[in-house]
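Data block below; observations after.
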Amino acid sequence: MCFFTRLSRFKCSDACVEILITFSIQCLAGLTRGYLLDIMKEELYKKAIAVLDANFQEGGFTIPSAGLYPFQWKWDSGFIAIGFAHYDVEKAKTEMRTLLDAQWENGFIPHIVFHTENDSYFPGADFHQSELHPLSSKKYRSTGMTQPPVTGFVLQEMYRIAEDKQDMLNFIKEEIDKVYENHAYFYSNRDPQDEGLVYIYHNWESGTDNSPVWDDIWKTMNPPEYTFVRKDTTHVDASQRPTKREYDHYLHIIDIAKQNNYDDAKIAELSPFLVQDPLFNAMLIKSNQALVDMYIMIGGNEEKIKTILKWQSKSIESFNNKLFDAELGAYVHYDLRNEKPIRHITSSSFSPLFANIPSQERAEVLVKTMMNKFGGEDKYLCASFDPTNDRFNPKKYWRGPVWINMNWMLFLGLKNYGFTDVAARMKQDSIELIEKYGFYEYFDCRKDTGEENTPGYGGNNFSWSAALFIDMVNTP
Ligand code: DGY
């Protein structure tokens, strides 16, 4: 018997009937709303797939965003492969295979692989001149700097997502040693004090390219005024991108590396930028663990497992001793050139959650700091820079906006430690931002920007926003 027939037979007062009818209408409205939301999400899901497929190139790699970023970027590629793994496993494998194919003979993996000629980006292959390094790839031109070490945990994520586990394991067997060699490169060449913490020598190696953290380093430098033609500001509003003077610093550091043929020991000695970055090192630690797990699954490889575990315990210990700032309640960057911590809170400060680095007690401190400074109800999680700091800028590249790749890592990290409510909000906020603005590169963290039509920022149809939306929607 249907609910309404029961209702008509049920003898009760008018008030009671009124309550029941109101309740039923609300249930129906709720169901309709839920249904509409599902349809919207389904449409968005299809759009995410369309973004990724449109950005996939014939050469077997995916550009982050047409025009603005026309080549293959290392950490973008990793996140992109995670998205592909959900619906086109062959593309996911191709993406990683192509990236790892550009590895240098010393294990280094570059930040940009210039697969094609394209003059819509500056600085391109002719500026970087990777061929200066004697062990650089003979097959691909690239930059002479790297980006966060995503490849280890990406292979593991691809295995988690894959339906055909054996097929994915075969793929992992084919590629895993390249990731191991890449980590060996980091520990042998990027850790001059043998601390288990590797340095980056350029802000572009951090991935968080224009973070206010680097302002402290720029103050120690006085680069020449370069003459060059920016291309990024022809694709994106200049107010969302770094300044000309910031670019002078970026180019100057590359010039010093080039004058020394990208020799790591020389860079460690001479680069004005030498930083132990919490995000970069957390991703290395996360990828170390992934390598151990995957080698165990494959079987054998005892020596490699032993070596990784040795790197890992030293790295985690130094990370906790050196990079945690108890007064700020967060992990911070360390300026290795000038031997001092850079005491600002960024979304990178919370990334150690993703790699299981802090104790449970310290994780609670981190989440408290995050929620106090970044987590107000008037904001979407998670701003890339401390909203209470004078240097915060909600519109500018890494100086405040929300980035989906950071939210994805924090979502998983929060789940690791059992912060299920905050993790759910991280996911919900990410989805809401994409629903509201589209698949942009970065987003305003303010729910009310005071403007009528705030756009998404940076590149549109941005690959990792699409890829990690796909993964988050599929991850409870
Ligand atoms: C850029 O050109 O801003 C790139 O992100 C560098 O990686």
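Note on naming: chains are A, B, ... as they come in the structure tokens, residues start from 1 per chain, ligands start from 1 in the order shown.
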
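The protein and nucleic acid residues lying at most 7 Å from Gly456 of chain A are Tyr437, Tyr440, Tyr442 and Phe443 of chain A, with only C-alpha atoms considered and sequence neighbours fewer than 4 positions away removed.
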
Can you write out as CSV which residues of chain A fall within 10 Å of ligand 1, alongside each residue's closest atom pair and its distance in Å to one decimal, counting only C-alpha atoms and all ligand atoms and ordering rows by chain and ascending residue number?
```
residue,atom,partner,partner_atom_place_in_ligand_line,distance
A:Pro64,CA,ligand 1,5 (O),9.5
A:Leu68,CA,ligand 1,2 (O),7.9
A:Tyr69,CA,ligand 1,2 (O),7.2
A:Trp73,CA,ligand 1,7 (O),7.2
A:Lys74,CA,ligand 1,7 (O),9.1
A:Trp75,CA,ligand 1,7 (O),9.5
A:Asp76,CA,ligand 1,7 (O),9.7
A:His111,CA,ligand 1,7 (O),7.0
A:Ile112,CA,ligand 1,7 (O),7.3
A:Tyr121,CA,ligand 1,2 (O),7.4
A:Phe122,CA,ligand 1,2 (O),7.0
A:Pro123,CA,ligand 1,2 (O),7.5
A:Gly124,CA,ligand 1,2 (O),9.4
A:Thr143,CA,ligand 1,7 (O),9.6
A:Met145,CA,ligand 1,7 (O),9.6
A:Thr146,CA,ligand 1,7 (O),9.3
A:Gln147,CA,ligand 1,7 (O),8.1
A:Asn203,CA,ligand 1,6 (C),8.6
A:Trp204,CA,ligand 1,7 (O),5.1
A:Glu205,CA,ligand 1,7 (O),7.4
A:Ser206,CA,ligand 1,7 (O),8.9
A:Gly207,CA,ligand 1,7 (O),6.6
A:Thr208,CA,ligand 1,5 (O),8.3
A:Asp209,CA,ligand 1,5 (O),6.4
A:Asn210,CA,ligand 1,3 (O),8.1
A:Arg230,CA,ligand 1,2 (O),9.7
A:Lys231,CA,ligand 1,2 (O),9.0
A:Asp232,CA,ligand 1,2 (O),7.0
A:Arg241,CA,ligand 1,3 (O),8.0
A:Pro242,CA,ligand 1,3 (O),8.1
A:Tyr247,CA,ligand 1,3 (O),9.5
A:Tyr250,CA,ligand 1,6 (C),9.7
A:Tyr397,CA,ligand 1,3 (O),8.5
A:Gly458,CA,ligand 1,3 (O),9.9
```

Extract the full set of strand (DSSP E or B) residues from segment 226-423 of chain A according to DSSP on the backbone, and format it as a PyMOL selection string. chain A and resi 275-276+324-325+330-331+333-335+340-342+346+379+383+385+402

Could you write out that same residue set with all heavy atoms as a compact mmCIF listing (two decimals), in the first residue's frame?
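Result went into out-v1.txt, see below:
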```txt
# COMPACT_ATOMS: atom_id res chain seq x y z
N VAL A 275 66.94 24.94 -0.94
CA VAL A 275 65.89 24.85 0.09
C VAL A 275 65.49 23.41 0.34
O VAL A 275 65.37 22.62 -0.60
CB VAL A 275 64.65 25.67 -0.36
CG1 VAL A 275 63.46 25.43 0.56
CG2 VAL A 275 64.96 27.16 -0.43
N GLN A 276 65.29 23.07 1.60
CA GLN A 276 64.65 21.78 1.94
C GLN A 276 63.15 22.07 2.08
O GLN A 276 62.74 22.79 2.99
CB GLN A 276 65.27 21.22 3.21
CG GLN A 276 66.70 20.72 2.95
CD GLN A 276 67.50 20.50 4.21
OE1 GLN A 276 67.34 21.21 5.20
NE2 GLN A 276 68.39 19.51 4.18
N PHE A 324 59.84 20.74 11.69
CA PHE A 324 58.64 21.07 12.47
C PHE A 324 58.91 22.31 13.32
O PHE A 324 59.89 22.38 14.04
CB PHE A 324 58.20 19.90 13.36
CG PHE A 324 56.85 20.15 13.97
CD1 PHE A 324 55.70 20.14 13.19
CD2 PHE A 324 56.72 20.44 15.34
CE1 PHE A 324 54.44 20.39 13.74
CE2 PHE A 324 55.46 20.69 15.89
CZ PHE A 324 54.32 20.66 15.09
N ASP A 325 57.99 23.27 13.23
CA ASP A 325 58.11 24.50 14.02
C ASP A 325 57.02 24.44 15.09
O ASP A 325 55.84 24.67 14.82
CB ASP A 325 57.91 25.70 13.07
CG ASP A 325 58.15 27.03 13.76
OD1 ASP A 325 57.71 27.20 14.92
OD2 ASP A 325 58.79 27.89 13.13
N ALA A 330 53.31 23.82 12.83
CA ALA A 330 53.29 23.37 11.43
C ALA A 330 54.72 23.09 10.95
O ALA A 330 55.68 23.58 11.53
CB ALA A 330 52.68 24.45 10.54
N TYR A 331 54.83 22.32 9.85
CA TYR A 331 56.12 22.11 9.21
C TYR A 331 56.42 23.32 8.32
O TYR A 331 55.49 23.90 7.75
CB TYR A 331 56.10 20.84 8.36
CG TYR A 331 55.98 19.58 9.20
CD1 TYR A 331 54.74 19.04 9.52
CD2 TYR A 331 57.12 18.93 9.68
CE1 TYR A 331 54.63 17.88 10.29
CE2 TYR A 331 57.02 17.76 10.45
CZ TYR A 331 55.77 17.25 10.75
OH TYR A 331 55.66 16.12 11.51
N HIS A 333 59.55 25.37 5.57
CA HIS A 333 60.69 25.21 4.66
C HIS A 333 61.98 25.58 5.40
O HIS A 333 61.96 26.38 6.33
CB HIS A 333 60.54 26.14 3.45
CG HIS A 333 59.34 25.84 2.59
ND1 HIS A 333 58.04 26.03 3.00
CD2 HIS A 333 59.27 25.36 1.32
CE1 HIS A 333 57.22 25.69 2.02
NE2 HIS A 333 57.92 25.27 0.99
N TYR A 334 63.10 25.03 4.91
CA TYR A 334 64.39 25.39 5.50
C TYR A 334 65.32 25.90 4.41
O TYR A 334 65.53 25.23 3.39
CB TYR A 334 65.02 24.16 6.19
CG TYR A 334 66.25 24.53 6.99
CD1 TYR A 334 66.15 25.01 8.30
CD2 TYR A 334 67.52 24.43 6.42
CE1 TYR A 334 67.28 25.39 9.02
CE2 TYR A 334 68.65 24.80 7.14
CZ TYR A 334 68.52 25.27 8.43
OH TYR A 334 69.64 25.63 9.15
N ASP A 335 65.86 27.11 4.63
CA ASP A 335 66.77 27.72 3.67
C ASP A 335 68.18 27.21 3.95
O ASP A 335 68.85 27.64 4.89
CB ASP A 335 66.68 29.25 3.84
CG ASP A 335 67.65 30.00 2.94
OD1 ASP A 335 68.52 29.35 2.30
OD2 ASP A 335 67.55 31.24 2.88
N LYS A 340 68.73 28.77 7.68
CA LYS A 340 67.67 29.20 8.60
C LYS A 340 66.29 28.76 8.11
O LYS A 340 66.05 28.68 6.90
CB LYS A 340 67.72 30.70 8.85
CG LYS A 340 67.58 31.55 7.61
CD LYS A 340 67.50 33.02 8.02
CE LYS A 340 67.12 33.85 6.83
NZ LYS A 340 67.69 35.10 6.68
N PRO A 341 65.40 28.49 9.07
CA PRO A 341 64.04 28.12 8.64
C PRO A 341 63.30 29.32 8.04
O PRO A 341 63.60 30.46 8.38
CB PRO A 341 63.36 27.69 9.96
CG PRO A 341 64.18 28.26 11.04
CD PRO A 341 65.57 28.50 10.52
N ILE A 342 62.38 29.03 7.13
CA ILE A 342 61.54 30.10 6.56
C ILE A 342 60.17 29.94 7.22
O ILE A 342 59.42 29.02 6.88
CB ILE A 342 61.43 29.99 5.02
CG1 ILE A 342 62.83 29.80 4.40
CG2 ILE A 342 60.75 31.21 4.45
CD1 ILE A 342 62.82 29.58 2.89
N THR A 346 52.10 27.24 4.93
CA THR A 346 51.54 27.09 3.58
C THR A 346 50.75 25.77 3.55
O THR A 346 50.82 24.99 4.50
CB THR A 346 52.67 26.99 2.54
OG1 THR A 346 53.40 25.79 2.83
CG2 THR A 346 53.63 28.16 2.61
N LYS A 379 35.56 30.26 4.19
CA LYS A 379 36.57 29.88 3.19
C LYS A 379 36.42 28.44 2.74
O LYS A 379 35.97 27.58 3.48
CB LYS A 379 37.97 30.00 3.80
CG LYS A 379 38.40 31.42 4.03
CD LYS A 379 39.83 31.48 4.51
CE LYS A 379 40.13 32.86 5.03
NZ LYS A 379 39.31 33.20 6.22
N ALA A 383 43.53 27.03 1.37
CA ALA A 383 44.35 28.08 0.76
C ALA A 383 45.79 27.59 0.65
O ALA A 383 46.25 26.80 1.50
CB ALA A 383 44.28 29.34 1.61
N PHE A 385 48.38 29.52 0.93
CA PHE A 385 49.24 30.29 1.84
C PHE A 385 48.38 30.84 2.98
O PHE A 385 47.20 31.13 2.79
CB PHE A 385 49.94 31.42 1.09
CG PHE A 385 51.01 32.10 1.90
CD1 PHE A 385 52.19 31.43 2.21
CD2 PHE A 385 50.85 33.41 2.36
CE1 PHE A 385 53.18 32.04 2.98
CE2 PHE A 385 51.85 34.02 3.12
CZ PHE A 385 53.01 33.34 3.43
N VAL A 402 43.35 28.10 -3.84
CA VAL A 402 43.23 26.67 -3.58
C VAL A 402 43.67 25.91 -4.84
O VAL A 402 43.30 26.28 -5.96
CB VAL A 402 41.75 26.30 -3.31
CG1 VAL A 402 41.57 24.80 -3.14
CG2 VAL A 402 41.22 27.05 -2.09
```

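Taking atom CA of Gly83 of chain A and atom CA of Ala466 of chain A as endpoints, the distance between them is 7.4 Å.
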
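Atom pair atom CA of Ile431 of chain A / atom CA of Ser463 of chain A: separated by 14.9 Å.
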
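Take the candidates A:Leu52, A:Ala326, A:Arg446, A:Ser136 and check each one against Leu366 of chain A using only C-alpha atoms; the shortest distance goes to A:Ala326.
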
Shell around Asp167 of chain A at 12 Å using only C-alpha atoms, local window under 6 positions removed, as a ChimeraX atom specification: /A:89-90,93,158-159,173-174

Option closest in space to Phe228 of chain A, from A:Met283, A:Phe127, A:Gly196, A:Ala290 [counting only C-alpha atoms]: A:Phe127

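The protein and nucleic acid residues lying at most 7 Å from segment 301-314 of chain A are Glu195, Gly196, Ile285, Asn288, Val292, Tyr295, Glu317 and Ser318 of chain A, with only C-alpha atoms considered and sequence neighbours fewer than 3 positions away removed.
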
Next, write the just-selected residues to a file, as an mmCIF file, in the first residue's frame, keeping C-alpha atoms as the atom set.
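This is the output file result05.cif:
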```
data_model
loop_
_atom_site.group_PDB
_atom_site.id
_atom_site.type_symbol
_atom_site.label_atom_id
_atom_site.label_comp_id
_atom_site.auth_asym_id
_atom_site.auth_seq_id
_atom_site.Cartn_x
_atom_site.Cartn_y
_atom_site.Cartn_z
ATOM 1 C CA GLU A 195 70.551 14.312 6.527
ATOM 2 C CA GLY A 196 67.976 12.344 4.564
ATOM 3 C CA ILE A 285 58.945 9.784 1.590
ATOM 4 C CA ASN A 288 59.737 5.582 -0.874
ATOM 5 C CA VAL A 292 58.869 -0.749 -0.682
ATOM 6 C CA TYR A 295 58.856 -4.377 -4.406
ATOM 7 C CA GLU A 317 63.577 11.427 11.603
ATOM 8 C CA SER A 318 65.261 14.524 10.131
#
```

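By only C-alpha atoms, and with residues fewer than 2 positions from Glu95 of chain A along its chain excluded, the set lying at most 9 Å from it is Phe56, Gly60, Phe61, Thr62, Ser77, Gly78, Ile80, Ala81, Phe84, Glu90, Lys91, Ala92, Lys93, Arg97, Thr98, Leu99 and Leu100 of chain A.
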